[in-house]
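In what follows, a single structure is set out as structure tokens and then discussed.
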Amino acid sequence: MNDTVLYIVIPCYNEESVLPVTAPLFKEQLLGMVNEGLISDKSRILFVNDGSCDKTWNIIEDLACSDEYFEGICLSRNRGHQNALIAGLEEAAPLCDISISIDCDGQDDIKAMTQMVKAYHDGSEIVYGVRNSRQTDTGFKRFTARTYYKLLSFMGADVVYDHADYRLVSSRVLKEFGNFKEVNVFLRGMFPLVGFRSSCVYYDRNERMAGKSHYPLTKMLALAFEGITSLSIKPIRFITGFGILIAILSFFMIIYTFIGYFAGNTVPGWASMSSIILFMSGVQLICLGIIGEYIGKIYLETKHRPRYIISERTFEKKED
Ligand code: UDP
Ligand code: MG
């Protein structure tokens, strides 16, 4: 009998159609690992209801009532996937030795958990679930994802290629992670910063078992932008570099203008002048926008608002 307590943390937002399908699968996997002697019988599945407007919380409560392996916490409102995940991980941290975070839609191969736990027993404190193939994604999503990971690493952000938020994290890492207090979070870029020994487990990504994605293009772009600006200040450096380049170019332009003035042909050139002005004001506005984005982040961080508020639990919280 192994005494490693595992908590599987699953954020759920309006998932009434998929939860009844996947919950038994999670339990089956958990029991399988208990029987294999990989984890303790005290391991649990912890659902985080991220302010759903449908029956998700009722389903979680029913599961927790009828089965000791299921637990749930409910956030006071929708806070988004990343915050819901942090809520679950922080809740699980004092109760477990290891946690695995996974989406509730069954897209990520649940069975890969076995390998993750084995990797933990072999000495890894963080095990990243990495997608083998993206066959079920559209060509567009595949292309944008690839480009995005490349962009992130170009910007100096340390992310594991094709790893989403399916990962095993030991309680030791969770404890250190607790010292990362920022409000703007992008978890897949933050855990590599915590360090410790890590490894990867590869799996195939499937179709959603039911319901629909909560990540339309706009939300995906928002998360992508969040990822870059919360992990890197390189965009601001590019702006500075670009500014210097423009300044050098304009120096030559001024010389050219003076020569033109003394040569007496100052009237022609209106078209080129106005296009330069239009182009430059566009560039300046974009630069101001990027800098403003960072200032906005500083503003949000200085408020020190809580990342989430838990309104209900299906279990008694142990004060630690
Ligand atoms: N999710 C959440 N809060 C949100 C949006 C999504 O907790 O505001 C959860 C959702 O229930 C799912 C996971 O995050 O478990 C991933 O969402 P989804 O499957 O819709 O994203 P996709 O896999 O399409 O990128
Ligand atoms: Mg999904």
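Labels used: A, B, ... for chains in the order of the structure tokens, numbers from 1 for residues in each chain, and numbers from 1 for ligands as shown.
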
Once you count only C-alpha atoms and all ligand atoms, which residues end up within 6 Å of ligand 1, and could you hand them over as a PDB file with C-alpha atoms, in the first residue's frame?
ATOM      1  CA  PRO A  11     -11.793  23.314 -13.026  1.00  0.00           C
ATOM      2  CA  CYS A  12     -15.355  23.267 -14.367  1.00  0.00           C
ATOM      3  CA  TYR A  13     -17.281  26.083 -15.976  1.00  0.00           C
ATOM      4  CA  GLU A  15     -19.939  21.666 -17.795  1.00  0.00           C
ATOM      5  CA  ASP A  50     -15.809  28.398 -11.556  1.00  0.00           C
ATOM      6  CA  ASN A  78     -16.490  33.145 -12.660  1.00  0.00           C
ATOM      7  CA  GLY A  80     -11.480  32.147 -15.474  1.00  0.00           C
ATOM      8  CA  HIS A  81      -9.675  28.863 -15.966  1.00  0.00           C
ATOM      9  CA  ALA A  84     -10.028  28.371 -10.844  1.00  0.00           C
ATOM     10  CA  ASP A 103      -9.627  19.886 -17.754  1.00  0.00           C
ATOM     11  CA  CYS A 104     -12.950  18.250 -17.113  1.00  0.00           C
ATOM     12  CA  ASP A 105     -13.884  17.622 -20.756  1.00  0.00           C
ATOM     13  CA  SER A 213     -15.164  24.916 -25.786  1.00  0.00           C
ATOM     14  CA  HIS A 214     -15.052  28.043 -23.618  1.00  0.00           C
ATOM     15  CA  TYR A 215     -12.061  29.320 -25.514  1.00  0.00           C
TER      16      TYR A 215
END

Wanna dump the stretch 161-193 of chain A-stretch 117-137 of chain A contacts at 7 Å for me, each residue with its shortest atom pair and the distance in Å to one decimal, counting only C-alpha atoms, ordered by chain and number, as a tab-separated table?
residue	atom	partner	partner_atom	distance
A:Asp162	CA	A:Val130	CA	5.6
A:His163	CA	A:Val130	CA	4.5
A:Tyr166	CA	A:Gly129	CA	5.2
A:Arg167	CA	A:Tyr128	CA	4.7
A:Leu168	CA	A:Val127	CA	4.9
A:Val169	CA	A:Ile126	CA	4.6
A:Ser170	CA	A:Glu125	CA	5.3
A:Val173	CA	A:Glu125	CA	6.9

For the residues in the current selection, export N, CA and C atoms as an mmCIF file, in the first residue's frame.
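Now in out_11.cif:
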data_model
loop_
_atom_site.group_PDB
_atom_site.id
_atom_site.type_symbol
_atom_site.label_atom_id
_atom_site.label_comp_id
_atom_site.auth_asym_id
_atom_site.auth_seq_id
_atom_site.Cartn_x
_atom_site.Cartn_y
_atom_site.Cartn_z
ATOM 1 N N ASP A 162 3.824 22.725 -26.422
ATOM 2 C CA ASP A 162 2.607 21.912 -26.497
ATOM 3 C C ASP A 162 2.125 21.352 -25.163
ATOM 4 N N HIS A 163 2.518 22.024 -24.087
ATOM 5 C CA HIS A 163 1.992 21.621 -22.777
ATOM 6 C C HIS A 163 0.919 22.630 -22.399
ATOM 7 N N TYR A 166 -2.246 20.394 -18.130
ATOM 8 C CA TYR A 166 -2.329 19.021 -17.619
ATOM 9 C C TYR A 166 -0.959 18.712 -17.033
ATOM 10 N N ARG A 167 -0.866 18.746 -15.689
ATOM 11 C CA ARG A 167 0.458 18.498 -15.106
ATOM 12 C C ARG A 167 0.379 17.984 -13.683
ATOM 13 N N LEU A 168 1.392 17.245 -13.316
ATOM 14 C CA LEU A 168 1.526 16.784 -11.935
ATOM 15 C C LEU A 168 2.484 17.727 -11.230
ATOM 16 N N VAL A 169 2.097 18.134 -10.020
ATOM 17 C CA VAL A 169 2.952 19.017 -9.235
ATOM 18 C C VAL A 169 2.989 18.491 -7.807
ATOM 19 N N SER A 170 4.176 18.391 -7.227
ATOM 20 C CA SER A 170 4.270 17.887 -5.853
ATOM 21 C C SER A 170 3.890 18.994 -4.869
ATOM 22 N N VAL A 173 6.473 21.719 -4.459
ATOM 23 C CA VAL A 173 6.455 22.762 -5.486
ATOM 24 C C VAL A 173 5.271 23.704 -5.251
#

Using DSSP assignments from the backbone, pull out every residue in stretch 45-261 of chain A that falls under alpha helix (DSSP H) and give it to me as a ChimeraX atom specification. /A:56-66,81-92,112-121,139-154,171-177,187-194,217-231,234-261

Write the selection just made, keeping C-alpha atoms, as a CSV table (one decimal), in the first residue's frame?
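The resulting part-v5.csv:
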chain,number,residue,atom,x,y,z
A,56,THR,CA,-22.5,22.1,-12.6
A,57,TRP,CA,-22.4,22.8,-8.9
A,58,ASN,CA,-25.4,20.6,-8.2
A,59,ILE,CA,-23.8,17.8,-10.0
A,60,ILE,CA,-20.6,18.2,-8.0
A,61,GLU,CA,-22.5,18.3,-4.7
A,62,ASP,CA,-24.4,15.1,-5.7
A,63,LEU,CA,-21.1,13.4,-6.6
A,64,ALA,CA,-19.5,14.5,-3.3
A,65,CYS,CA,-22.5,13.3,-1.3
A,66,SER,CA,-22.8,9.9,-2.9
A,81,HIS,CA,-9.7,28.9,-16.0
A,82,GLN,CA,-6.3,29.9,-14.5
A,83,ASN,CA,-7.7,31.3,-11.3
A,84,ALA,CA,-10.0,28.4,-10.8
A,85,LEU,CA,-7.0,26.1,-11.2
A,86,ILE,CA,-5.0,28.0,-8.6
A,87,ALA,CA,-8.0,27.9,-6.2
A,88,GLY,CA,-8.1,24.1,-6.5
A,89,LEU,CA,-4.3,23.7,-6.2
A,90,GLU,CA,-4.1,26.0,-3.2
A,91,GLU,CA,-7.0,24.1,-1.6
A,92,ALA,CA,-5.4,20.8,-2.3
A,112,ALA,CA,-1.6,9.4,-18.9
A,113,MET,CA,-1.9,10.1,-15.1
A,114,THR,CA,-0.4,6.6,-14.4
A,115,GLN,CA,2.8,7.6,-16.2
A,116,MET,CA,2.9,10.9,-14.4
A,117,VAL,CA,2.7,9.4,-11.0
A,118,LYS,CA,5.4,6.9,-12.0
A,119,ALA,CA,7.6,9.8,-13.1
A,120,TYR,CA,7.0,11.4,-9.7
A,121,HIS,CA,8.1,8.2,-7.9
A,139,GLY,CA,-5.3,23.3,-39.0
A,140,PHE,CA,-5.7,27.0,-38.0
A,141,LYS,CA,-5.5,26.2,-34.3
A,142,ARG,CA,-2.5,24.0,-34.8
A,143,PHE,CA,-0.7,26.7,-36.8
A,144,THR,CA,-1.6,29.5,-34.3
A,145,ALA,CA,-0.5,27.3,-31.3
A,146,ARG,CA,2.8,26.5,-32.9
A,147,THR,CA,3.5,30.1,-33.8
A,148,TYR,CA,2.5,31.2,-30.3
A,149,TYR,CA,4.9,28.8,-28.5
A,150,LYS,CA,7.7,29.9,-30.8
A,151,LEU,CA,6.9,33.6,-30.1
A,152,LEU,CA,6.8,32.9,-26.3
A,153,SER,CA,10.2,31.3,-26.3
A,154,PHE,CA,11.6,34.1,-28.5
A,171,SER,CA,3.1,19.6,-2.7
A,172,ARG,CA,6.7,20.9,-2.2
A,173,VAL,CA,6.5,22.8,-5.5
A,174,LEU,CA,2.9,24.0,-4.6
A,175,LYS,CA,4.3,25.4,-1.4
A,176,GLU,CA,7.0,27.4,-3.2
A,177,PHE,CA,4.4,28.4,-5.9
A,187,LEU,CA,0.4,29.0,-15.0
A,188,ARG,CA,2.2,27.1,-17.7
A,189,GLY,CA,4.9,29.8,-17.8
A,190,MET,CA,5.1,30.1,-14.0
A,191,PHE,CA,5.8,26.5,-12.9
A,192,PRO,CA,9.0,26.3,-15.0
A,193,LEU,CA,10.1,29.4,-13.0
A,194,VAL,CA,9.6,27.5,-9.7
A,217,LEU,CA,-10.6,33.0,-30.7
A,218,THR,CA,-11.0,36.2,-28.6
A,219,LYS,CA,-10.4,34.4,-25.3
A,220,MET,CA,-7.5,32.5,-26.8
A,221,LEU,CA,-5.9,35.7,-28.0
A,222,ALA,CA,-6.4,37.3,-24.6
A,223,LEU,CA,-4.7,34.3,-22.9
A,224,ALA,CA,-1.9,34.5,-25.4
A,225,PHE,CA,-1.4,38.2,-24.8
A,226,GLU,CA,-1.6,37.6,-21.0
A,227,GLY,CA,1.1,34.9,-21.4
A,228,ILE,CA,3.5,37.2,-23.1
A,229,THR,CA,3.0,40.3,-21.1
A,230,SER,CA,3.0,38.5,-17.7
A,231,LEU,CA,6.2,36.7,-18.5
A,234,LYS,CA,10.8,42.2,-24.3
A,235,PRO,CA,8.0,43.9,-26.2
A,236,ILE,CA,8.9,47.1,-24.4
A,237,ARG,CA,12.6,46.6,-25.3
A,238,PHE,CA,11.6,46.1,-28.9
A,239,ILE,CA,9.7,49.4,-28.8
A,240,THR,CA,12.8,51.2,-27.4
A,241,GLY,CA,15.0,49.6,-30.1
A,242,PHE,CA,12.5,50.5,-32.8
A,243,GLY,CA,12.4,54.1,-31.4
A,244,ILE,CA,16.2,54.3,-31.7
A,245,LEU,CA,16.1,53.0,-35.3
A,246,ILE,CA,13.4,55.6,-36.3
A,247,ALA,CA,15.4,58.4,-34.6
A,248,ILE,CA,18.5,57.4,-36.7
A,249,LEU,CA,16.5,57.3,-39.9
A,250,SER,CA,14.8,60.6,-39.2
A,251,PHE,CA,18.3,62.2,-38.7
A,252,PHE,CA,19.1,61.2,-42.3
A,253,MET,CA,15.7,62.4,-43.4
A,254,ILE,CA,16.3,65.8,-41.8
A,255,ILE,CA,19.6,66.1,-43.8
A,256,TYR,CA,17.7,65.2,-46.9
A,257,THR,CA,15.1,67.8,-46.2
A,258,PHE,CA,17.7,70.5,-45.7
A,259,ILE,CA,19.3,69.6,-49.0
A,260,GLY,CA,15.9,69.7,-50.6
A,261,TYR,CA,15.2,73.1,-49.1

Given the choices A:Asp108, A:Val185, A:Ile291, A:Asn179, which gets closest to ligand 2 if the distance is worked out from only C-alpha atoms and all ligand atoms?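 Looking at the shortest contact to ligand 2, the residue is A:Asp108.
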
Kindly indicate which residue among A:Ser199, A:Gln284, A:Asn206, A:Asn184 lies nearest to A:Tyr299, using only C-alpha atoms for the distances.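 Comparing A:Ser199, A:Gln284, A:Asn206, A:Asn184 against A:Tyr299, the winner is A:Asn184.
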
Distance of atom CA of A:Arg205 from atom CA of A:Leu19, expressed in Å to one decimal place: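 Separation of atom CA of A:Leu19 and atom CA of A:Arg205: 17.9 Å.
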
DSSP strand (DSSP E or B) residues within stretch 53-216 of chain A, as a PyMOL selection string: chain A and resi 70-75+98-101+108+126-131+163-170+198-203+205

Closest to ligand 2 among A:Pro216, A:Gly72, A:Gly195, A:Gly269, using only C-alpha atoms and all ligand atoms?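 Looking at the shortest contact to ligand 2, the residue is A:Pro216.
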
Distance criterion (only C-alpha atoms and all ligand atoms): nearest to ligand 2 out of A:Thr302, A:Ser274, A:Gln107, A:Ser99: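 Smallest separation from ligand 2 among the options: A:Gln107.
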
Which one of A:Cys287, A:Ala210, A:Ile277, A:Val159 sits closest to ligand 2 if you count only C-alpha atoms and all ligand atoms?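 Nearest candidate to ligand 2 out of A:Cys287, A:Ala210, A:Ile277, A:Val159: A:Ala210.
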